[in-house]
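Raw contents of my_file.cif, mmCIF, C-alpha atoms:
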data_upload
#
loop_
_atom_site.group_PDB
_atom_site.id
_atom_site.type_symbol
_atom_site.label_atom_id
_atom_site.label_comp_id
_atom_site.auth_asym_id
_atom_site.auth_seq_id
_atom_site.Cartn_x
_atom_site.Cartn_y
_atom_site.Cartn_z
ATOM 1 C CA MET A 1 -69.210 -58.791 71.898
ATOM 2 C CA ASN A 2 -65.446 -58.911 71.253
ATOM 3 C CA GLU A 3 -65.958 -61.674 68.696
ATOM 4 C CA GLY A 4 -68.520 -59.517 66.894
ATOM 5 C CA ARG A 5 -66.097 -56.598 66.802
ATOM 6 C CA ARG A 6 -63.400 -58.792 65.288
ATOM 7 C CA GLU A 7 -65.794 -59.938 62.595
ATOM 8 C CA THR A 8 -66.798 -56.401 61.622
ATOM 9 C CA ARG A 9 -63.314 -54.868 61.856
ATOM 10 C CA ARG A 10 -62.177 -53.418 58.553
ATOM 11 C CA PRO A 11 -59.188 -55.210 57.021
ATOM 12 C CA GLY A 12 -55.930 -53.357 56.598
ATOM 13 C CA THR A 13 -54.061 -52.722 53.371
ATOM 14 C CA VAL A 14 -51.049 -54.785 52.278
ATOM 15 C CA ALA A 15 -48.908 -52.421 54.348
ATOM 16 C CA GLY A 16 -51.162 -52.583 57.399
ATOM 17 C CA ALA A 17 -52.792 -49.173 56.946
ATOM 18 C CA THR A 18 -56.464 -48.441 57.587
ATOM 19 C CA PRO A 19 -58.337 -48.348 54.260
ATOM 20 C CA GLY A 20 -60.147 -45.180 53.285
ATOM 21 C CA ALA A 21 -58.190 -42.801 55.529
ATOM 22 C CA ARG A 22 -58.121 -39.194 54.385
ATOM 23 C CA VAL A 23 -54.987 -38.167 52.466
ATOM 24 C CA ILE A 24 -53.164 -35.537 54.532
ATOM 25 C CA VAL A 25 -49.407 -35.932 54.058
ATOM 26 C CA VAL A 26 -49.421 -35.302 50.284
ATOM 27 C CA PRO A 27 -51.198 -31.905 50.401
ATOM 28 C CA THR A 28 -49.055 -30.927 53.397
ATOM 29 C CA LEU A 29 -45.857 -31.674 51.465
ATOM 30 C CA ILE A 30 -47.163 -29.753 48.459
ATOM 31 C CA ALA A 31 -47.996 -26.788 50.679
ATOM 32 C CA LEU A 32 -44.492 -26.833 52.199
ATOM 33 C CA ASN A 33 -42.843 -26.925 48.773
ATOM 34 C CA VAL A 34 -45.013 -24.085 47.489
ATOM 35 C CA LEU A 35 -44.324 -22.057 50.624
ATOM 36 C CA VAL A 36 -40.559 -22.459 50.205
ATOM 37 C CA TYR A 37 -40.829 -21.497 46.527
ATOM 38 C CA VAL A 38 -42.776 -18.345 47.401
ATOM 39 C CA TRP A 39 -40.172 -17.547 50.027
ATOM 40 C CA THR A 40 -37.373 -17.777 47.441
ATOM 41 C CA VAL A 41 -39.374 -15.661 44.968
ATOM 42 C CA VAL A 42 -39.810 -12.951 47.584
ATOM 43 C CA GLN A 43 -36.100 -13.051 48.394
ATOM 44 C CA ALA A 44 -35.039 -12.974 44.734
ATOM 45 C CA GLY A 45 -37.756 -10.581 43.561
ATOM 46 C CA ASP A 46 -38.302 -12.674 40.421
ATOM 47 C CA PRO A 47 -40.391 -15.893 40.119
ATOM 48 C CA MET A 48 -38.208 -17.282 37.311
ATOM 49 C CA SER A 49 -34.873 -16.350 38.893
ATOM 50 C CA ASN A 50 -35.688 -17.540 42.377
ATOM 51 C CA ALA A 51 -32.475 -19.594 42.429
ATOM 52 C CA ALA A 52 -30.715 -16.309 43.137
ATOM 53 C CA ALA A 53 -32.418 -16.197 46.536
ATOM 54 C CA PRO A 54 -30.115 -16.435 49.581
ATOM 55 C CA LEU A 55 -32.083 -19.493 50.717
ATOM 56 C CA PHE A 56 -30.706 -21.441 47.754
ATOM 57 C CA GLY A 57 -27.201 -20.675 48.907
ATOM 58 C CA GLU A 58 -28.089 -21.986 52.366
ATOM 59 C CA TRP A 59 -30.217 -25.028 51.460
ATOM 60 C CA ALA A 60 -29.131 -26.427 48.057
ATOM 61 C CA LEU A 61 -27.284 -29.747 48.009
ATOM 62 C CA VAL A 62 -23.623 -29.031 47.273
ATOM 63 C CA PRO A 63 -21.449 -32.078 48.093
ATOM 64 C CA GLY A 64 -18.441 -29.964 49.009
ATOM 65 C CA LEU A 65 -20.447 -27.938 51.514
ATOM 66 C CA VAL A 66 -21.900 -31.093 53.046
ATOM 67 C CA GLN A 67 -18.312 -32.296 53.422
ATOM 68 C CA ALA A 68 -17.623 -29.017 55.209
ATOM 69 C CA GLY A 69 -20.244 -29.895 57.800
ATOM 70 C CA GLU A 70 -23.476 -28.449 56.388
ATOM 71 C CA TRP A 71 -25.381 -31.739 56.730
ATOM 72 C CA TRP A 72 -28.865 -30.218 56.596
ATOM 73 C CA ARG A 73 -28.526 -29.697 52.837
ATOM 74 C CA VAL A 74 -29.225 -33.369 52.082
ATOM 75 C CA LEU A 75 -32.772 -32.785 53.345
ATOM 76 C CA THR A 76 -33.501 -29.088 52.740
ATOM 77 C CA SER A 77 -32.486 -29.286 49.069
ATOM 78 C CA GLY A 78 -35.543 -31.478 48.481
ATOM 79 C CA PHE A 79 -37.848 -28.527 49.182
ATOM 80 C CA LEU A 80 -36.216 -26.086 46.747
ATOM 81 C CA HIS A 81 -37.296 -25.651 43.112
ATOM 82 C CA ILE A 82 -35.727 -23.675 40.297
ATOM 83 C CA GLY A 83 -38.579 -21.756 38.700
ATOM 84 C CA GLY A 84 -42.310 -22.337 38.618
ATOM 85 C CA ILE A 85 -42.216 -25.032 35.915
ATOM 86 C CA HIS A 86 -39.871 -27.187 37.987
ATOM 87 C CA LEU A 87 -42.180 -26.788 40.976
ATOM 88 C CA LEU A 88 -45.320 -27.489 38.932
ATOM 89 C CA PHE A 89 -44.024 -30.717 37.401
ATOM 90 C CA ASN A 90 -42.885 -32.107 40.737
ATOM 91 C CA MET A 91 -46.031 -31.119 42.633
ATOM 92 C CA VAL A 92 -48.364 -32.556 39.987
ATOM 93 C CA ALA A 93 -46.387 -35.813 40.098
ATOM 94 C CA LEU A 94 -46.478 -35.789 43.902
ATOM 95 C CA TRP A 95 -50.249 -35.304 43.847
ATOM 96 C CA VAL A 96 -50.936 -37.982 41.227
ATOM 97 C CA LEU A 97 -48.580 -40.613 42.655
ATOM 98 C CA GLY A 98 -48.794 -39.726 46.300
ATOM 99 C CA ARG A 99 -52.538 -39.965 46.841
ATOM 100 C CA ASP A 100 -52.740 -43.654 45.947
ATOM 101 C CA LEU A 101 -49.521 -44.509 47.718
ATOM 102 C CA GLU A 102 -50.481 -42.723 50.931
ATOM 103 C CA THR A 103 -53.811 -44.560 50.907
ATOM 104 C CA VAL A 104 -52.062 -47.931 50.657
ATOM 105 C CA LEU A 105 -49.159 -47.253 53.009
ATOM 106 C CA GLY A 106 -50.820 -44.987 55.536
ATOM 107 C CA ARG A 107 -49.637 -41.516 56.536
ATOM 108 C CA THR A 108 -46.624 -42.354 58.682
ATOM 109 C CA ARG A 109 -45.301 -45.068 56.378
ATOM 110 C CA PHE A 110 -45.812 -42.887 53.314
ATOM 111 C CA LEU A 111 -43.928 -39.984 54.887
ATOM 112 C CA ALA A 112 -41.110 -42.362 55.817
ATOM 113 C CA VAL A 113 -40.834 -43.611 52.223
ATOM 114 C CA TYR A 114 -40.867 -40.040 50.892
ATOM 115 C CA LEU A 115 -38.114 -38.826 53.210
ATOM 116 C CA ILE A 116 -35.948 -41.935 52.823
ATOM 117 C CA ALA A 117 -36.235 -41.665 49.024
ATOM 118 C CA LEU A 118 -35.267 -37.992 49.272
ATOM 119 C CA LEU A 119 -32.171 -38.985 51.228
ATOM 120 C CA GLY A 120 -31.493 -41.759 48.716
ATOM 121 C CA GLY A 121 -31.355 -39.198 45.932
ATOM 122 C CA ALA A 122 -29.040 -37.049 48.022
ATOM 123 C CA ALA A 123 -26.775 -40.046 48.715
ATOM 124 C CA ALA A 124 -26.442 -40.711 44.970
ATOM 125 C CA VAL A 125 -25.535 -37.077 44.370
ATOM 126 C CA MET A 126 -22.938 -37.222 47.131
ATOM 127 C CA LEU A 127 -21.434 -40.333 45.551
ATOM 128 C CA PHE A 128 -21.234 -39.232 41.940
ATOM 129 C CA TYR A 129 -21.313 -35.422 41.712
ATOM 130 C CA GLU A 130 -18.434 -33.013 41.834
ATOM 131 C CA PRO A 131 -17.964 -31.128 45.131
ATOM 132 C CA ASN A 132 -19.061 -27.780 43.660
ATOM 133 C CA GLN A 133 -22.172 -28.994 41.793
ATOM 134 C CA ALA A 134 -25.457 -27.712 43.237
ATOM 135 C CA VAL A 135 -28.650 -29.790 43.153
ATOM 136 C CA ALA A 136 -32.175 -28.878 44.264
ATOM 137 C CA GLY A 137 -35.679 -30.255 43.907
ATOM 138 C CA ALA A 138 -38.113 -32.883 45.155
ATOM 139 C CA SER A 139 -37.506 -35.083 42.118
ATOM 140 C CA GLY A 140 -35.521 -37.719 44.028
ATOM 141 C CA ALA A 141 -38.430 -38.203 46.432
ATOM 142 C CA VAL A 142 -40.958 -38.161 43.566
ATOM 143 C CA PHE A 143 -38.994 -40.827 41.714
ATOM 144 C CA GLY A 144 -39.032 -42.784 44.958
ATOM 145 C CA LEU A 145 -42.826 -42.653 44.863
ATOM 146 C CA MET A 146 -42.769 -43.944 41.292
ATOM 147 C CA GLY A 147 -40.673 -46.896 42.386
ATOM 148 C CA GLY A 148 -42.880 -47.380 45.413
ATOM 149 C CA LEU A 149 -46.078 -47.440 43.387
ATOM 150 C CA ALA A 150 -44.577 -49.979 40.989
ATOM 151 C CA VAL A 151 -43.736 -52.205 43.971
ATOM 152 C CA VAL A 152 -47.257 -51.878 45.399
ATOM 153 C CA LEU A 153 -48.840 -52.827 42.074
ATOM 154 C CA ARG A 154 -46.505 -55.799 41.858
ATOM 155 C CA ARG A 155 -47.464 -56.837 45.383
ATOM 156 C CA LEU A 156 -51.168 -56.585 44.511
ATOM 157 C CA ARG A 157 -50.576 -58.416 41.227
ATOM 158 C CA VAL A 158 -51.962 -55.485 39.284
ATOM 159 C CA PRO A 159 -50.373 -54.717 35.881
ATOM 160 C CA ALA A 160 -47.714 -52.044 36.420
ATOM 161 C CA GLY A 161 -47.020 -51.333 32.753
ATOM 162 C CA GLN A 162 -48.260 -47.747 32.873
ATOM 163 C CA VAL A 163 -46.201 -46.867 35.942
ATOM 164 C CA ILE A 164 -43.100 -48.498 34.488
ATOM 165 C CA GLY A 165 -43.715 -46.580 31.267
ATOM 166 C CA VAL A 166 -43.893 -43.318 33.229
ATOM 167 C CA ILE A 167 -40.636 -44.198 35.018
ATOM 168 C CA VAL A 168 -38.875 -44.959 31.727
ATOM 169 C CA LEU A 169 -40.207 -41.750 30.169
ATOM 170 C CA ASN A 170 -38.960 -39.683 33.088
ATOM 171 C CA VAL A 171 -35.556 -41.344 32.975
ATOM 172 C CA VAL A 172 -35.320 -40.525 29.262
ATOM 173 C CA ILE A 173 -36.292 -36.918 29.989
ATOM 174 C CA SER A 174 -33.646 -36.799 32.729
ATOM 175 C CA VAL A 175 -31.025 -37.982 30.234
ATOM 176 C CA THR A 176 -31.994 -35.750 27.303
ATOM 177 C CA ILE A 177 -32.687 -32.427 29.043
ATOM 178 C CA PRO A 178 -29.574 -30.652 30.372
ATOM 179 C CA GLY A 179 -29.416 -29.630 34.006
ATOM 180 C CA ILE A 180 -31.588 -32.467 35.363
ATOM 181 C CA SER A 181 -30.057 -34.678 38.046
ATOM 182 C CA LEU A 182 -30.431 -38.181 36.602
ATOM 183 C CA ILE A 183 -28.224 -39.603 39.351
ATOM 184 C CA GLY A 184 -30.401 -38.099 42.070
ATOM 185 C CA HIS A 185 -33.534 -39.395 40.361
ATOM 186 C CA LEU A 186 -32.208 -42.941 40.130
ATOM 187 C CA GLY A 187 -31.030 -42.884 43.741
ATOM 188 C CA GLY A 188 -34.487 -41.853 44.897
ATOM 189 C CA LEU A 189 -36.134 -44.439 42.637
ATOM 190 C CA VAL A 190 -34.104 -47.353 43.997
ATOM 191 C CA VAL A 191 -34.347 -46.356 47.650
ATOM 192 C CA GLY A 192 -38.058 -45.519 47.432
ATOM 193 C CA ALA A 193 -38.784 -48.899 45.847
ATOM 194 C CA ALA A 194 -36.724 -50.676 48.507
ATOM 195 C CA ALA A 195 -38.467 -48.838 51.348
ATOM 196 C CA THR A 196 -41.908 -49.628 49.942
ATOM 197 C CA ALA A 197 -40.993 -53.280 49.425
ATOM 198 C CA ALA A 198 -39.976 -53.481 53.075
ATOM 199 C CA LEU A 199 -43.464 -52.259 54.016
ATOM 200 C CA VAL A 200 -45.724 -54.256 51.702
ATOM 201 C CA TYR A 201 -43.811 -57.549 51.870
ATOM 202 C CA ALA A 202 -43.469 -57.568 55.657
ATOM 203 C CA PRO A 203 -45.212 -60.621 57.154
ATOM 204 C CA ALA A 204 -48.634 -59.971 58.647
ATOM 205 C CA ARG A 205 -47.425 -61.413 61.930
ATOM 206 C CA ASN A 206 -45.255 -58.850 63.735
ATOM 207 C CA ARG A 207 -45.688 -56.570 60.729
ATOM 208 C CA VAL A 208 -45.035 -53.254 62.449
ATOM 209 C CA PRO A 209 -41.785 -54.271 64.222
ATOM 210 C CA VAL A 210 -40.465 -55.799 60.990
ATOM 211 C CA GLN A 211 -41.352 -52.650 59.047
ATOM 212 C CA VAL A 212 -39.719 -50.379 61.624
ATOM 213 C CA VAL A 213 -36.516 -52.417 61.707
ATOM 214 C CA ALA A 214 -36.364 -52.557 57.906
ATOM 215 C CA LEU A 215 -36.874 -48.811 57.456
ATOM 216 C CA VAL A 216 -34.390 -47.960 60.193
ATOM 217 C CA ALA A 217 -31.817 -50.282 58.611
ATOM 218 C CA LEU A 218 -32.372 -48.763 55.153
ATOM 219 C CA THR A 219 -32.107 -45.246 56.567
ATOM 220 C CA ALA A 220 -28.892 -46.218 58.333
ATOM 221 C CA VAL A 221 -27.405 -47.525 55.082
ATOM 222 C CA VAL A 222 -28.327 -44.328 53.214
ATOM 223 C CA ALA A 223 -27.001 -42.180 56.055
ATOM 224 C CA LEU A 224 -23.791 -44.215 56.085
ATOM 225 C CA VAL A 225 -23.301 -43.595 52.358
ATOM 226 C CA ILE A 226 -23.837 -39.880 52.859
ATOM 227 C CA GLY A 227 -21.565 -39.855 55.890
ATOM 228 C CA VAL A 228 -18.727 -41.747 54.228
ATOM 229 C CA THR A 229 -18.834 -39.593 51.103
ATOM 230 C CA ALA A 230 -18.999 -36.455 53.211
ATOM 231 C CA LEU A 231 -15.898 -37.484 55.164
ATOM 232 C CA THR A 232 -13.946 -38.482 52.056
ATOM 233 C CA PRO A 233 -11.844 -35.612 50.669
#
Here is the file; what I need is its structure written in the form of structure tokens.
Amino acid sequence: MNEGRRETRRPGTVAGATPGARVIVVPTLIALNVLVYVWTVVQAGDPMSNAAAPLFGEWALVPGLVQAGEWWRVLTSGFLHIGGIHLLFNMVALWVLGRDLETVLGRTRFLAVYLIALLGGAAAVMLFYEPNQAVAGASGAVFGLMGGLAVVLRRLRVPAGQVIGVIVLNVVISVTIPGISLIGHLGGLVVGAAATAALVYAPARNRVPVQVVALVALTAVVALVIGVTALTP
């Protein structure tokens, strides 16, 4: 009986996830981002000037305020968006990229990659931005998903030309349009790709412990960067 169960057991994905699982994390993240946007619109009384909401003053990533001890900003800033267009672009990208990536990685692993990439973008901002510059948006995490998807396609030996083209296009847009945080995008891209690589290239034997150790180590490195920059005058 046990031998028959082993024979009929469905194989896992390259990351060890169960194939065909329902996508839950992506729509939940979209709902949270939309909810926060609506909250800022209500506070500001204007959907296009929602950055005037008090929540922006409390949640946006401002390196100088993180240095002053407001550590939560490195995470909360990733759920703020300046205007409906900013929100729309990021949520469409999250939906398009996230569904496939969550299917391959599984819910918990996908959420880990998303959050670590978000922190990676924040770490880059802390390193290279002036203390009084404010940054907000899920773009760092979304760029992390772009990098992650490119890594997955590479691991599966599937042509990644389209994804790489999208990444290049978005980098160009980040450079040419004023007010977009290129540094934050690149930080998220690199960290998201690294986190995904740690998941899909982990050996099948002892896969989960290796993945956990790798993600914890990567998170520690990102947190150390944020911590050191926050403590440096």
task = Write out as a list in words each polymer residue whose atoms come within 10 Å of Val104 (chain A), counting all atoms listed in the file; drop sequence neighbours fewer than 5 positions from it.
result =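 Residues near the query, excluding close chain neighbours: Gly12, Thr13, Val14, Ala15, Gly16, Ala17, Thr18, Pro19, Gly20, Ala21, Gly98, Arg99, Arg109, Phe110, Leu149, Val152 and Val200 of chain A.
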inquiry  = Could you list, as an MDAnalysis selection string, every residue matched by the PyMOL selection byres ((chain A and resi 118) around 8) in this structure?
reply    = chainID A and resid 75 78 114:117 119:122 138 140:141 144 188
Test item: residues at most 12 Å from Val42 (chain A), all atoms listed in the file, excluding those fewer than 5 positions along its chain, as a list of chain:residue names = A:Leu35, A:Val36, A:Tyr37, A:Pro47, A:Met48, A:Ser49, A:Asn50, A:Ala51, A:Ala52, A:Ala53, A:Pro54, A:Leu55
request  = Check which residues satisfy the PyMOL selection byres ((chain A and resi 197) around 12) in the file shown, then give them as a PyMOL selection string.
outcome  = chain A and resi 14-15+105+109+113+144-145+147-156+190-196+198-203+210-211+214-215+218
Please produce a file of the residues just selected, as an mmCIF file, in the frame of the given file, where the atoms kept are C-alpha atoms.
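And here's again36.cif as it stands now:
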data_model
loop_
_atom_site.group_PDB
_atom_site.id
_atom_site.type_symbol
_atom_site.label_atom_id
_atom_site.label_comp_id
_atom_site.auth_asym_id
_atom_site.auth_seq_id
_atom_site.Cartn_x
_atom_site.Cartn_y
_atom_site.Cartn_z
ATOM 1 C CA VAL A 14 -51.049 -54.785 52.278
ATOM 2 C CA ALA A 15 -48.908 -52.421 54.348
ATOM 3 C CA LEU A 105 -49.159 -47.253 53.009
ATOM 4 C CA ARG A 109 -45.301 -45.068 56.378
ATOM 5 C CA VAL A 113 -40.834 -43.611 52.223
ATOM 6 C CA GLY A 144 -39.032 -42.784 44.958
ATOM 7 C CA LEU A 145 -42.826 -42.653 44.863
ATOM 8 C CA GLY A 147 -40.673 -46.896 42.386
ATOM 9 C CA GLY A 148 -42.880 -47.380 45.413
ATOM 10 C CA LEU A 149 -46.078 -47.440 43.387
ATOM 11 C CA ALA A 150 -44.577 -49.979 40.989
ATOM 12 C CA VAL A 151 -43.736 -52.205 43.971
ATOM 13 C CA VAL A 152 -47.257 -51.878 45.399
ATOM 14 C CA LEU A 153 -48.840 -52.827 42.074
ATOM 15 C CA ARG A 154 -46.505 -55.799 41.858
ATOM 16 C CA ARG A 155 -47.464 -56.837 45.383
ATOM 17 C CA LEU A 156 -51.168 -56.585 44.511
ATOM 18 C CA VAL A 190 -34.104 -47.353 43.997
ATOM 19 C CA VAL A 191 -34.347 -46.356 47.650
ATOM 20 C CA GLY A 192 -38.058 -45.519 47.432
ATOM 21 C CA ALA A 193 -38.784 -48.899 45.847
ATOM 22 C CA ALA A 194 -36.724 -50.676 48.507
ATOM 23 C CA ALA A 195 -38.467 -48.838 51.348
ATOM 24 C CA THR A 196 -41.908 -49.628 49.942
ATOM 25 C CA ALA A 198 -39.976 -53.481 53.075
ATOM 26 C CA LEU A 199 -43.464 -52.259 54.016
ATOM 27 C CA VAL A 200 -45.724 -54.256 51.702
ATOM 28 C CA TYR A 201 -43.811 -57.549 51.870
ATOM 29 C CA ALA A 202 -43.469 -57.568 55.657
ATOM 30 C CA PRO A 203 -45.212 -60.621 57.154
ATOM 31 C CA VAL A 210 -40.465 -55.799 60.990
ATOM 32 C CA GLN A 211 -41.352 -52.650 59.047
ATOM 33 C CA ALA A 214 -36.364 -52.557 57.906
ATOM 34 C CA LEU A 215 -36.874 -48.811 57.456
ATOM 35 C CA LEU A 218 -32.372 -48.763 55.153
#
task = Given the file shown, determine the residues that the PyMOL selection byres ((chain A and resi 137) around 7) selects; report them as a PyMOL selection string.
result = chain A and resi 77-81+136+138-139
task = Place a sphere of radius 9 Å on (-22.5, -31.5, 41.6) in the file coordinates and name every protein, DNA or RNA residue with an atom inside or on its surface, counting all atoms listed in the file; give the answer as number ranges by chain.
result = A: 61-64, 125-126, 128-135, 181
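Comparing the minimum interatomic distances between Arg22 (chain A) and each of A:Asp100, A:Thr229, A:Ala112, A:Ala204, counting all atoms listed in the file, we find that A:Asp100 sits nearest.
Comparing the minimum interatomic distances between Thr232 (chain A) and each of A:Val38, A:Ile24, A:Ala68, A:Trp95, counting all atoms listed in the file, we find that A:Ala68 sits nearest.
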key: Interatomic distance, CA of Ala60 (chain A) to CA of Ala220 (chain A) (Å, one decimal)   =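 Taking CA of Ala60 (chain A) as the start and CA of Ala220 (chain A) as the end point, the length is 22.3 Å.
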query = Quick one: residues within 7 Å of Ala123 (chain A), all atoms listed in the file counted, chain neighbours fewer than 4 positions away excluded, as number ranges by chain?
reply = A: 119, 127, 222, 225-226
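The interatomic distance for the pair CA of Ile30 (chain A) and CA of Leu186 (chain A) works out to 21.6 Å.
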Model the absent atoms of region 70-79 of chain A so that all heavy atoms are present, and write the result as a CSV table (one decimal), in the frame of the given file.
chain,number,residue,atom,x,y,z
A,70,GLU,N,-22.1,-29.0,56.5
A,70,GLU,CA,-23.5,-28.4,56.4
A,70,GLU,C,-24.4,-29.6,56.0
A,70,GLU,O,-24.9,-29.7,54.9
A,70,GLU,CB,-23.5,-27.3,55.4
A,70,GLU,CG,-22.6,-26.1,55.8
A,70,GLU,CD,-22.7,-25.0,54.8
A,70,GLU,OE1,-23.5,-25.0,53.9
A,70,GLU,OE2,-21.9,-24.0,55.0
A,71,TRP,N,-24.7,-30.5,57.0
A,71,TRP,CA,-25.4,-31.7,56.7
A,71,TRP,C,-26.8,-31.5,56.4
A,71,TRP,O,-27.4,-32.4,55.7
A,71,TRP,CB,-25.3,-32.6,58.0
A,71,TRP,CG,-23.9,-33.0,58.3
A,71,TRP,CD1,-23.0,-32.4,59.0
A,71,TRP,CD2,-23.3,-34.3,57.9
A,71,TRP,NE1,-21.8,-33.1,59.1
A,71,TRP,CE2,-22.0,-34.3,58.5
A,71,TRP,CE3,-23.7,-35.4,57.2
A,71,TRP,CZ2,-21.1,-35.3,58.3
A,71,TRP,CZ3,-22.8,-36.5,57.1
A,71,TRP,CH2,-21.6,-36.4,57.6
A,72,TRP,N,-27.4,-30.4,56.8
A,72,TRP,CA,-28.9,-30.2,56.6
A,72,TRP,C,-29.2,-30.2,55.1
A,72,TRP,O,-30.4,-30.4,54.7
A,72,TRP,CB,-29.3,-28.9,57.3
A,72,TRP,CG,-28.6,-27.7,56.7
A,72,TRP,CD1,-29.0,-26.9,55.7
A,72,TRP,CD2,-27.5,-27.1,57.3
A,72,TRP,NE1,-28.2,-25.9,55.5
A,72,TRP,CE2,-27.2,-25.9,56.4
A,72,TRP,CE3,-26.6,-27.3,58.3
A,72,TRP,CZ2,-26.1,-25.1,56.6
A,72,TRP,CZ3,-25.6,-26.5,58.5
A,72,TRP,CH2,-25.3,-25.4,57.7
A,73,ARG,N,-28.3,-29.9,54.3
A,73,ARG,CA,-28.5,-29.7,52.8
A,73,ARG,C,-29.1,-31.0,52.2
A,73,ARG,O,-29.8,-30.9,51.2
A,73,ARG,CB,-27.2,-29.2,52.1
A,73,ARG,CG,-26.8,-27.8,52.5
A,73,ARG,CD,-25.4,-27.5,51.9
A,73,ARG,NE,-25.0,-26.2,52.2
A,73,ARG,CZ,-25.3,-25.1,51.6
A,73,ARG,NH1,-26.1,-25.1,50.5
A,73,ARG,NH2,-24.8,-23.9,52.0
A,74,VAL,N,-28.7,-32.1,52.7
A,74,VAL,CA,-29.2,-33.4,52.1
A,74,VAL,C,-30.7,-33.5,52.2
A,74,VAL,O,-31.4,-34.2,51.4
A,74,VAL,CB,-28.5,-34.6,52.7
A,74,VAL,CG1,-27.0,-34.6,52.5
A,74,VAL,CG2,-28.9,-34.8,54.2
A,75,LEU,N,-31.3,-32.8,53.2
A,75,LEU,CA,-32.8,-32.8,53.3
A,75,LEU,C,-33.4,-31.5,52.8
A,75,LEU,O,-34.4,-31.6,52.0
A,75,LEU,CB,-33.1,-32.9,54.8
A,75,LEU,CG,-34.6,-32.9,55.2
A,75,LEU,CD1,-35.3,-34.1,54.5
A,75,LEU,CD2,-34.8,-33.0,56.7
A,76,THR,N,-32.9,-30.3,53.1
A,76,THR,CA,-33.5,-29.1,52.7
A,76,THR,C,-33.5,-28.9,51.2
A,76,THR,O,-34.4,-28.2,50.7
A,76,THR,CB,-32.8,-27.9,53.4
A,76,THR,OG1,-31.4,-27.9,53.0
A,76,THR,CG2,-32.9,-28.0,54.9
A,77,SER,N,-32.5,-29.4,50.5
A,77,SER,CA,-32.5,-29.3,49.1
A,77,SER,C,-33.7,-29.9,48.4
A,77,SER,O,-34.1,-29.4,47.3
A,77,SER,CB,-31.2,-30.0,48.5
A,77,SER,OG,-31.2,-31.3,48.8
A,78,GLY,N,-34.4,-30.8,49.0
A,78,GLY,CA,-35.5,-31.5,48.5
A,78,GLY,C,-36.8,-30.6,48.5
A,78,GLY,O,-37.8,-31.0,48.0
A,79,PHE,N,-36.7,-29.4,49.1
A,79,PHE,CA,-37.8,-28.5,49.2
A,79,PHE,C,-37.6,-27.3,48.4
A,79,PHE,O,-38.4,-26.3,48.4
A,79,PHE,CB,-38.2,-28.2,50.6
A,79,PHE,CG,-38.7,-29.4,51.4
A,79,PHE,CD1,-37.8,-30.2,52.1
A,79,PHE,CD2,-40.0,-29.6,51.5
A,79,PHE,CE1,-38.2,-31.3,52.8
A,79,PHE,CE2,-40.5,-30.7,52.2
A,79,PHE,CZ,-39.6,-31.6,52.9
